[in-house]
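The file start-v4.txt contains compact mmCIF, C-alpha atoms and all ligand atoms:
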# COMPACT_ATOMS: atom_id res chain seq x y z
CA MET J 1224 126.71 81.37 70.99
CA SER J 1225 125.79 81.25 74.67
CA LEU J 1226 125.53 84.57 76.47
CA PRO J 1227 125.78 84.60 80.25
CA ILE J 1228 122.70 85.73 82.18
CA LYS J 1229 123.60 88.79 84.21
CA ILE J 1230 121.39 89.76 87.13
CA PRO J 1231 122.17 92.75 89.35
CA VAL J 1232 121.93 92.66 93.14
CA ILE J 1233 118.20 93.26 93.75
CA TYR J 1234 116.95 95.02 96.90
CA HIS J 1235 113.19 94.55 97.02
CA GLY J 1236 110.20 95.11 99.25
CA VAL J 1237 108.61 97.97 101.14
CA GLY J 1238 111.33 100.37 102.31
CA ALA J 1239 114.02 98.97 99.98
CA LEU J 1240 114.83 102.54 98.92
CA ASP J 1241 116.44 103.07 102.34
CA GLN J 1242 119.29 100.83 101.14
CA LEU J 1243 120.70 103.92 99.46
CA LYS J 1244 122.06 105.15 102.76
CA ASN J 1245 124.39 102.14 102.85
CA PHE J 1246 126.16 102.99 99.61
CA LYS J 1247 129.74 104.09 100.32
CA GLU J 1248 130.36 106.37 97.32
CA ASN J 1249 130.79 110.09 98.06
CA ARG J 1250 130.03 111.82 94.73
CA ILE J 1251 126.57 110.92 93.53
CA LEU J 1252 124.77 111.96 90.35
CA ILE J 1253 121.00 111.38 90.34
CA VAL J 1254 119.40 111.25 86.87
CA THR J 1255 115.63 111.68 86.85
CA ASP J 1256 112.70 113.81 85.68
CA LYS J 1257 111.05 116.85 87.25
CA THR J 1258 108.07 114.92 88.69
CA ILE J 1259 110.22 112.36 90.50
CA SER J 1260 112.63 115.07 91.61
CA LYS J 1261 109.72 116.92 93.21
CA LEU J 1262 108.24 113.79 94.80
CA TYR J 1263 111.41 112.16 96.12
CA GLY J 1264 114.24 114.74 95.86
CA ALA J 1265 114.26 115.57 99.58
CA GLN J 1266 114.04 111.89 100.58
CA LEU J 1267 116.93 111.00 98.27
CA LEU J 1268 119.10 113.83 99.59
CA SER J 1269 118.41 112.69 103.17
CA TYR J 1270 120.22 109.41 102.40
CA PHE J 1271 123.38 111.23 101.35
CA GLU J 1272 124.06 113.80 104.07
CA LYS J 1273 127.67 115.04 104.05
CA LYS J 1274 128.12 113.72 100.50
CA GLU J 1275 128.36 115.62 97.21
CA VAL J 1276 125.09 115.12 95.31
CA LYS J 1277 123.95 116.52 91.98
CA ILE J 1278 120.46 116.03 90.59
CA PHE J 1279 120.02 116.15 86.80
CA ASP J 1280 116.23 116.23 86.37
CA GLU J 1281 115.81 117.29 82.74
CA VAL J 1282 114.71 113.89 81.41
CA GLU J 1283 111.39 113.91 79.56
CA PRO J 1284 109.19 111.06 78.30
CA ASP J 1285 110.59 109.48 75.11
CA PRO J 1286 113.89 111.25 75.79
CA LYS J 1287 115.52 113.11 72.93
CA ASP J 1288 119.16 112.35 72.19
CA THR J 1289 119.99 115.99 72.96
CA ALA J 1290 118.66 115.76 76.55
CA VAL J 1291 120.39 112.44 77.11
CA ILE J 1292 123.71 113.81 75.82
CA LYS J 1293 123.29 116.79 78.17
CA GLY J 1294 123.06 114.34 81.09
CA GLY J 1295 126.33 112.81 79.85
CA ASP J 1296 127.95 116.27 79.80
CA VAL J 1297 126.81 116.87 83.39
CA ALA J 1298 128.36 113.55 84.44
CA ARG J 1299 131.63 114.35 82.66
CA LYS J 1300 131.87 117.67 84.53
CA PHE J 1301 130.69 116.41 87.93
CA LYS J 1302 132.76 113.18 87.91
CA PRO J 1303 130.47 110.98 90.05
CA GLU J 1304 131.49 107.74 91.75
CA LEU J 1305 127.88 106.58 91.64
CA ILE J 1306 125.17 107.30 89.06
CA ILE J 1307 121.60 106.65 90.17
CA GLY J 1308 118.80 106.52 87.61
CA ILE J 1309 115.40 106.85 89.28
CA GLY J 1310 112.07 107.09 87.45
CA GLY J 1311 110.38 105.37 84.54
CA GLY J 1312 112.17 103.86 81.56
CA SER J 1313 113.14 107.28 80.19
CA ALA J 1314 114.99 108.36 83.35
CA MET J 1315 116.73 105.01 83.70
CA ASP J 1316 117.71 105.03 80.01
CA ALA J 1317 119.10 108.56 80.40
CA ALA J 1318 121.11 107.39 83.42
CA LYS J 1319 122.50 104.52 81.35
CA ALA J 1320 123.49 106.96 78.61
CA ALA J 1321 125.18 109.26 81.16
CA TYR J 1322 127.02 106.24 82.60
CA PHE J 1323 128.25 105.32 79.09
CA LEU J 1324 129.28 108.86 78.11
CA TYR J 1325 131.05 109.37 81.44
CA GLY J 1326 132.77 105.99 81.26
CA GLN J 1327 134.03 106.63 77.72
CA GLN J 1328 134.89 110.31 77.52
CA SER J 1329 136.00 110.31 73.88
CA LEU J 1330 132.89 108.59 72.50
CA LYS J 1331 129.56 109.96 71.31
CA LEU J 1332 126.19 108.44 72.19
CA TYR J 1333 125.66 106.81 68.78
CA ASP J 1334 129.12 105.22 68.93
CA MET J 1335 127.70 102.69 71.40
CA ASN J 1336 128.20 99.19 70.02
CA VAL J 1337 127.03 96.04 71.73
CA MET J 1338 130.08 94.13 70.48
CA ILE J 1339 132.67 96.44 72.09
CA GLU J 1340 134.00 96.24 75.65
CA TYR J 1341 134.17 99.60 77.42
CA ASN J 1342 135.10 98.92 81.06
CA LEU J 1343 132.53 101.48 82.18
CA LYS J 1344 132.59 100.35 85.80
CA GLU J 1345 136.12 101.68 86.22
CA LYS J 1346 134.75 105.24 86.34
CA SER J 1347 131.57 104.82 88.35
CA LYS J 1348 128.87 102.49 89.59
CA LEU J 1349 125.32 102.43 88.19
CA VAL J 1350 122.20 101.83 90.31
CA LEU J 1351 118.69 101.87 88.81
CA ILE J 1352 115.41 102.41 90.64
CA PRO J 1353 112.12 102.07 88.74
CA THR J 1354 109.19 104.17 89.94
CA THR J 1355 106.86 102.64 87.34
CA SER J 1356 106.09 98.94 86.96
CA GLY J 1357 106.74 97.99 83.39
CA THR J 1358 109.68 98.96 81.25
CA GLY J 1359 112.16 96.58 82.87
CA SER J 1360 114.88 98.97 81.75
CA GLU J 1361 116.59 98.47 85.13
CA HIS J 1362 117.71 95.04 83.94
CA THR J 1363 118.38 95.43 80.27
CA PRO J 1364 121.50 96.24 78.27
CA GLY J 1365 119.49 98.57 76.02
CA LEU J 1366 118.24 102.12 75.95
CA VAL J 1367 115.88 103.92 73.59
CA VAL J 1368 116.32 107.55 72.52
CA THR J 1369 114.53 109.72 69.99
CA ASN J 1370 116.86 110.84 67.21
CA THR J 1371 116.20 114.58 66.90
CA GLN J 1372 117.30 114.56 63.24
CA THR J 1373 114.75 111.97 62.07
CA GLY J 1374 112.17 111.66 64.88
CA GLN J 1375 112.84 107.93 64.94
CA LYS J 1376 113.18 106.00 68.20
CA VAL J 1377 116.57 104.33 68.18
CA SER J 1378 117.67 101.35 70.29
CA LEU J 1379 121.27 101.27 71.56
CA ALA J 1380 122.86 98.60 73.72
CA SER J 1381 125.89 97.55 75.72
CA PHE J 1382 125.88 94.67 78.21
CA GLU J 1383 127.81 96.94 80.56
CA LEU J 1384 124.66 99.05 81.02
CA ILE J 1385 123.20 96.32 83.23
CA PRO J 1386 123.59 98.04 86.61
CA SER J 1387 125.36 96.69 89.67
CA ALA J 1388 122.22 97.08 91.78
CA VAL J 1389 118.46 97.52 91.30
CA ILE J 1390 116.09 98.77 93.99
CA LEU J 1391 112.47 97.61 93.75
CA ASP J 1392 110.42 99.47 96.34
CA PRO J 1393 106.69 99.06 95.65
CA THR J 1394 105.86 102.20 97.65
CA LEU J 1395 107.26 104.15 94.67
CA ALA J 1396 104.72 102.46 92.38
CA LEU J 1397 101.84 103.56 94.63
CA ARG J 1398 102.23 107.12 93.34
CA MET J 1399 101.65 106.13 89.69
CA PRO J 1400 98.47 107.54 88.17
CA GLN J 1401 96.05 105.02 86.61
CA LYS J 1402 97.00 105.77 82.99
CA LEU J 1403 100.67 105.24 83.71
CA THR J 1404 99.91 102.00 85.58
CA VAL J 1405 98.06 100.74 82.49
CA ALA J 1406 100.66 101.82 79.94
CA THR J 1407 103.67 100.51 81.84
CA GLY J 1408 101.85 97.32 82.88
CA LEU J 1409 100.95 96.55 79.26
CA ASP J 1410 104.57 97.07 78.34
CA ALA J 1411 105.55 94.49 80.96
CA LEU J 1412 102.95 91.98 79.73
CA THR J 1413 104.02 92.44 76.10
CA GLN J 1414 107.67 92.05 77.05
CA ALA J 1415 106.99 88.87 79.02
CA ILE J 1416 104.97 87.30 76.16
CA GLU J 1417 107.44 88.33 73.44
CA SER J 1418 110.34 87.08 75.54
CA ALA J 1419 108.50 83.78 76.25
CA THR J 1420 107.99 83.19 72.52
CA SER J 1421 111.48 84.27 71.47
CA LYS J 1422 113.83 81.85 69.75
CA MET J 1423 116.46 82.82 72.30
CA VAL J 1424 114.41 81.80 75.33
CA SER J 1425 116.16 79.56 77.87
CA ASP J 1426 114.95 77.60 80.93
CA PHE J 1427 116.13 80.47 83.13
CA THR J 1428 114.35 83.23 81.25
CA GLN J 1429 111.22 81.15 80.69
CA ALA J 1430 110.75 80.62 84.42
CA LEU J 1431 110.72 84.40 84.85
CA ASN J 1432 108.53 84.98 81.78
CA LEU J 1433 105.84 82.52 82.81
CA TYR J 1434 105.67 83.79 86.38
CA ALA J 1435 105.50 87.37 85.12
CA ILE J 1436 102.71 86.54 82.62
CA LYS J 1437 100.64 84.71 85.25
CA THR J 1438 101.12 87.51 87.79
CA LEU J 1439 100.35 90.32 85.34
CA PHE J 1440 97.17 88.69 84.04
CA GLU J 1441 95.95 88.41 87.64
CA TYR J 1442 97.23 91.59 89.27
CA LEU J 1443 97.54 94.26 86.56
CA PRO J 1444 93.77 94.86 86.29
CA LYS J 1445 93.67 95.09 90.11
CA ALA J 1446 96.59 97.55 90.29
CA ALA J 1447 94.95 99.67 87.58
CA GLY J 1448 91.54 99.41 89.26
CA GLU J 1449 90.10 99.33 92.72
CA ASP J 1450 93.23 97.87 94.38
CA ALA J 1451 95.52 100.66 93.20
CA GLY J 1452 96.24 101.59 96.81
CA ASP J 1453 97.04 98.04 97.93
CA ILE J 1454 100.80 97.76 98.44
CA LYS J 1455 100.72 93.95 98.10
CA VAL J 1456 99.06 94.22 94.68
CA ARG J 1457 101.50 96.94 93.63
CA ALA J 1458 104.45 94.80 94.78
CA LYS J 1459 103.23 91.86 92.67
CA VAL J 1460 103.10 93.99 89.51
CA HIS J 1461 106.35 95.81 90.33
CA ASN J 1462 108.27 92.56 90.81
CA ALA J 1463 106.67 90.80 87.82
CA ALA J 1464 107.57 93.72 85.54
CA SER J 1465 111.16 93.58 86.72
CA MET J 1466 111.30 89.79 86.22
CA ALA J 1467 110.10 90.28 82.66
CA GLY J 1468 112.92 92.83 82.32
CA ILE J 1469 115.56 90.28 83.34
CA ALA J 1470 114.02 87.77 80.93
CA PHE J 1471 113.69 89.89 77.81
CA GLY J 1472 117.07 91.52 78.47
CA ASN J 1473 118.43 88.04 77.77
CA SER J 1474 115.84 86.53 75.41
CA GLY J 1475 114.91 89.54 73.30
CA LEU J 1476 111.57 90.85 72.06
CA GLY J 1477 109.61 90.78 68.80
CA LEU J 1478 107.49 92.61 66.28
CA ALA J 1479 105.04 94.12 68.80
CA HIS J 1480 108.02 96.13 69.98
CA SER J 1481 109.46 97.13 66.62
CA CYS J 1482 105.98 98.11 65.33
CA GLY J 1483 105.32 99.83 68.68
CA HIS J 1484 108.55 101.85 68.48
CA ALA J 1485 107.54 103.08 65.00
CA LEU J 1486 104.00 103.98 66.12
CA GLY J 1487 105.36 105.82 69.15
CA GLY J 1488 107.84 107.79 67.03
CA ALA J 1489 105.23 108.74 64.42
CA PHE J 1490 102.20 109.49 66.61
CA HIS J 1491 103.66 110.16 70.09
CA ILE J 1492 101.54 107.52 71.80
CA PRO J 1493 102.94 106.01 75.07
CA HIS J 1494 105.18 103.04 74.45
CA GLY J 1495 103.17 100.56 76.55
CA ILE J 1496 99.97 101.40 74.70
CA THR J 1497 101.53 100.96 71.25
CA VAL J 1498 103.08 97.59 72.06
CA GLY J 1499 99.95 96.43 73.91
CA VAL J 1500 97.70 97.26 70.95
CA MET J 1501 100.06 95.45 68.54
CA LEU J 1502 100.42 92.34 70.73
CA PRO J 1503 97.30 90.34 69.66
CA TYR J 1504 98.14 90.88 65.96
CA VAL J 1505 101.74 89.79 66.48
CA ILE J 1506 100.63 86.72 68.46
CA GLU J 1507 98.39 85.80 65.48
CA PHE J 1508 101.13 86.49 62.91
CA ASN J 1509 103.67 84.37 64.82
CA LYS J 1510 101.29 81.37 65.00
CA PRO J 1511 103.27 79.10 62.62
CA GLU J 1512 106.41 79.40 64.78
CA CYS J 1513 104.93 79.78 68.27
CA LYS J 1514 102.00 77.37 68.67
CA ASP J 1515 103.83 75.20 71.24
CA LYS J 1516 104.94 78.25 73.22
CA TYR J 1517 101.34 79.48 73.33
CA VAL J 1518 100.29 76.12 74.80
CA GLU J 1519 103.03 76.50 77.44
CA ILE J 1520 101.81 80.01 78.32
CA LEU J 1521 98.18 78.88 78.52
CA GLU J 1522 99.14 75.94 80.73
CA CYS J 1523 100.77 78.30 83.20
CA LEU J 1524 97.46 80.17 83.25
CA ASN J 1525 95.71 76.83 84.01
CA ILE J 1526 94.11 76.67 80.56
CA THR J 1527 94.45 73.32 78.80
CA GLY J 1528 92.87 71.45 75.90
CA VAL J 1529 91.92 74.46 73.78
CA LYS J 1530 91.44 73.87 70.04
CA ASP J 1531 93.27 76.97 68.87
CA PRO J 1532 95.87 78.18 71.42
CA THR J 1533 96.77 81.19 69.24
CA ALA J 1534 93.20 82.45 69.10
CA LYS J 1535 92.78 81.82 72.82
CA LEU J 1536 95.93 83.75 73.84
CA SER J 1537 95.15 86.57 71.44
CA SER J 1538 91.61 86.86 72.82
CA MET J 1539 92.91 86.83 76.40
CA VAL J 1540 95.19 89.76 75.57
CA LYS J 1541 92.25 91.56 73.96
CA ASP J 1542 90.20 90.91 77.11
CA ILE J 1543 92.84 92.46 79.36
CA LEU J 1544 93.11 95.45 76.97
CA LYS J 1545 89.34 95.89 77.30
CA LYS J 1546 89.51 95.59 81.10
CA LEU J 1547 92.19 98.29 81.08
CA LYS J 1548 90.06 100.44 78.74
CA THR J 1549 92.75 100.39 76.05
CA PRO J 1550 91.83 100.44 72.34
CA LEU J 1551 92.04 97.25 70.31
CA SER J 1552 93.11 98.86 67.04
CA ILE J 1553 95.42 101.65 65.89
CA LYS J 1554 92.45 103.53 64.42
CA GLU J 1555 90.89 103.68 67.90
CA LEU J 1556 94.07 105.34 69.16
CA SER J 1557 92.76 108.47 67.39
CA VAL J 1558 95.01 108.06 64.36
CA SER J 1559 93.00 109.56 61.45
CA GLU J 1560 92.92 107.87 58.01
CA ASN J 1561 94.83 110.83 56.64
CA ASP J 1562 97.61 110.67 59.27
CA TRP J 1563 97.75 106.93 58.78
CA LYS J 1564 98.24 107.18 55.01
CA GLN J 1565 100.79 109.97 55.34
CA ASN J 1566 102.91 108.08 57.85
CA PHE J 1567 102.47 104.55 56.52
CA GLU J 1568 105.66 104.30 54.45
CA LYS J 1569 107.73 105.74 57.29
CA LEU J 1570 106.21 103.26 59.77
CA VAL J 1571 107.04 100.32 57.52
CA ASN J 1572 110.61 101.52 56.91
CA TRP J 1573 111.28 102.17 60.58
CA THR J 1574 109.90 98.75 61.55
CA LYS J 1575 111.93 97.06 58.81
CA GLY J 1576 115.09 98.80 60.03
CA ASP J 1577 114.52 98.10 63.74
CA ILE J 1578 116.93 95.41 64.91
CA ILE J 1579 114.12 93.79 66.96
CA THR J 1580 112.30 92.87 63.73
CA MET J 1581 115.25 90.61 62.82
CA ILE J 1582 114.76 88.51 65.96
CA ASN J 1583 110.98 88.10 65.70
CA PRO J 1584 110.25 84.34 65.84
CA ARG J 1585 108.59 84.41 62.38
CA MET J 1586 110.55 86.12 59.65
CA ALA J 1587 108.63 89.24 58.60
CA SER J 1588 109.01 90.54 55.03
CA GLU J 1589 108.17 94.12 54.03
CA GLU J 1590 104.85 92.83 52.68
CA HIS J 1591 104.11 91.15 56.02
CA ILE J 1592 104.89 94.34 57.96
CA LYS J 1593 102.57 96.36 55.70
CA LYS J 1594 99.75 93.85 56.17
CA ILE J 1595 100.26 93.56 59.94
CA PHE J 1596 100.03 97.35 60.28
CA GLN J 1597 96.96 97.56 58.06
CA TYR J 1598 95.15 94.75 59.91
CA ALA J 1599 96.08 96.33 63.27
CA TYR J 1600 94.80 99.70 62.06
CA GLU J 1601 91.46 98.20 61.07
CA GLY J 1602 91.23 95.74 63.99
CA ARG J 1603 91.11 92.61 61.80
CA VAL J 1604 92.25 89.13 62.88
CA ILE J 1605 95.50 88.19 61.09
CA ASP J 1606 94.82 85.45 58.49
CA PHE J 1607 98.12 85.20 56.62
FE FE A 1 108.76 97.68 76.01
As a first step, turn the structure in this file into structure tokens.
Ligand SMILES: [Fe+2]
Amino acid sequence: MSLPIKIPVIYHGVGALDQLKNFKENRILIVTDKTISKLYGAQLLSYFEKKEVKIFDEVEPDPKDTAVIKGGDVARKFKPELIIGIGGGSAMDAAKAAYFLYGQQSLKLYDMNVMIEYNLKEKSKLVLIPTTSGTGSEHTPGLVVTNTQTGQKVSLASFELIPSAVILDPTLALRMPQKLTVATGLDALTQAIESATSKMVSDFTQALNLYAIKTLFEYLPKAAGEDAGDIKVRAKVHNAASMAGIAFGNSGLGLAHSCGHALGGAFHIPHGITVGVMLPYVIEFNKPECKDKYVEILECLNITGVKDPTAKLSSMVKDILKKLKTPLSIKELSVSENDWKQNFEKLVNWTKGDIITMINPRMASEEHIKKIFQYAYEGRVIDF
């Protein structure tokens, strides 16, 4: 099956946010969180003078299904012509959910099915604006919510959630604190590497993956370090993260993400940190299926002729984790032995049941998942 690659109109560069004043719609719903609302609320409203604007700013990190459904209720009442999601992945995911619930009034959030056509654009338009550089949610058909019944992070998807326009203004990224720069940047790097090693990768997505990987290795430590205030550095990371978003939205991800989702749900650790910590172990586990792809990645980083490309790529990821002062094992994420044992079965079951596990390049059995988690907890090199 060949799926078409869908890319929204992308406005990018310093000042790209000003494009909002050119949108013609008159009823506008802005979905965001309290921090972004405080930082940019007045600026956003200034673009829409004489128009009806409502700001829903109750989105929180790792959004709960209840909050996301509330955003949908607001949309159903307000009847917007344009829904704008501005913020990190959580705000953009909540905007996608509101767009779905508004576009299909009789459906519930968990009814969303990637195989069904909904004609969502008949009701309103969706525009997404990332203020962090990492999740790539502005380009993907998916969203992640926390199920309040089980605590599990659940992935939902519809290709109609890819917005009609994306605005990439690096000045928004300048306001990110260092920790957020690290967590979201590691998410972007993990996404680019998992997408580059996916079985569904194509020439189009690989071009984006490889450029994103090269750019993130070079510029992420700078953006998280002494060049945090350099708009050119921020723009590089902001654009690379979004490119990785386009790529993995089409090529898919792998076990670092399904394991990361489970870790995030169980221990409430930021998404980018969980997937970043898992990445070297997953690179090592995927060795039998991905050796050639690792050579391709290393070549784009100008590294050739290495004896063991898997070990080299894994160690390069560990080096960047160290540079970004991020732990190299789950234990170092302050997960006690006791918490680990108590949550272990749940982690394995959640990972097994995550749809992303099914598309990992190397088939992972329950036994494999258990061993990967245990090795990652202890910080051991994968040898199976
Ligand atoms: Fe991610």
* Show which residues sit within 8 Å of Lys1402 of chain J, as an NGL selection string. Count all atoms listed in the file, and ignore same-chain residues fewer than 3 positions away. => :J and (1405-1406 or 1447)
* **Test item: which residues lie within 10 Å of (117.1, 110.9, 87.9) counting all atoms listed in the file, as a VMD selection string** => chain J and resid 1252 to 1260 1264 1277 to 1282 1294 1306 to 1311 1313 to 1318 1351 to 1352
* To do: May I have the protein, DNA and RNA residues with any atom at most 10 Å from the point (96.2, 106.9, 63.8), counting only C-alpha atoms, written as a list in words?
  => Leu1486, Ala1489, Phe1490, Ile1492, Ser1552, Ile1553, Lys1554, Glu1555, Leu1556, Ser1557, Val1558, Ser1559, Glu1560, Asn1561, Asp1562, Trp1563, Lys1564, Asn1566, Phe1567 and Tyr1600 of chain J
* To do: Would you mind listing the residues within 7 Å of ligand FE 1 (chain A), counting all atoms listed in the file, as a ChimeraX atom specification?
  => /J:1358,1410-1411,1414,1480,1494-1495,1498
* Restricting the calculation to all atoms listed in the file, which member of J:Ser1537, J:Thr1354, J:Thr1413, J:Gln1375 is positioned closest to Thr1497 of chain J? -> J:Thr1413
* Asked: segment 1579-1592 of chain J: which residues within 6 Å, counting all atoms listed in the file, same-chain residues fewer than 4 positions away excluded, as number ranges by chain?
  -> J: 1421-1422, 1477-1478, 1481, 1509, 1512
Would you write out, as JSON lines, a table of all residues in segment 1382-1495 of chain J that have an atom no more than 10 Å from an atom of segment 1321-1335 of chain J, listing for each the closest atom pair and the distance in Å to one decimal, considering only C-alpha atoms and ordering rows by chain and rising residue number?
{"residue": "J:Glu1383", "atom": "CA", "partner": "J:Phe1323", "partner_atom": "CA", "distance": 8.5}
{"residue": "J:Leu1384", "atom": "CA", "partner": "J:Phe1323", "partner_atom": "CA", "distance": 7.5}
{"residue": "J:Pro1386", "atom": "CA", "partner": "J:Tyr1322", "partner_atom": "CA", "distance": 9.8}
Just C-alpha atoms for this one: save the residues we selected as a PDB file, keeping the file's coordinate frame.
ATOM      1  CA  GLU J1383     127.810  96.940  80.560  1.00  0.00           C
ATOM      2  CA  LEU J1384     124.660  99.050  81.020  1.00  0.00           C
ATOM      3  CA  PRO J1386     123.590  98.040  86.610  1.00  0.00           C
TER       4      PRO J1386
END
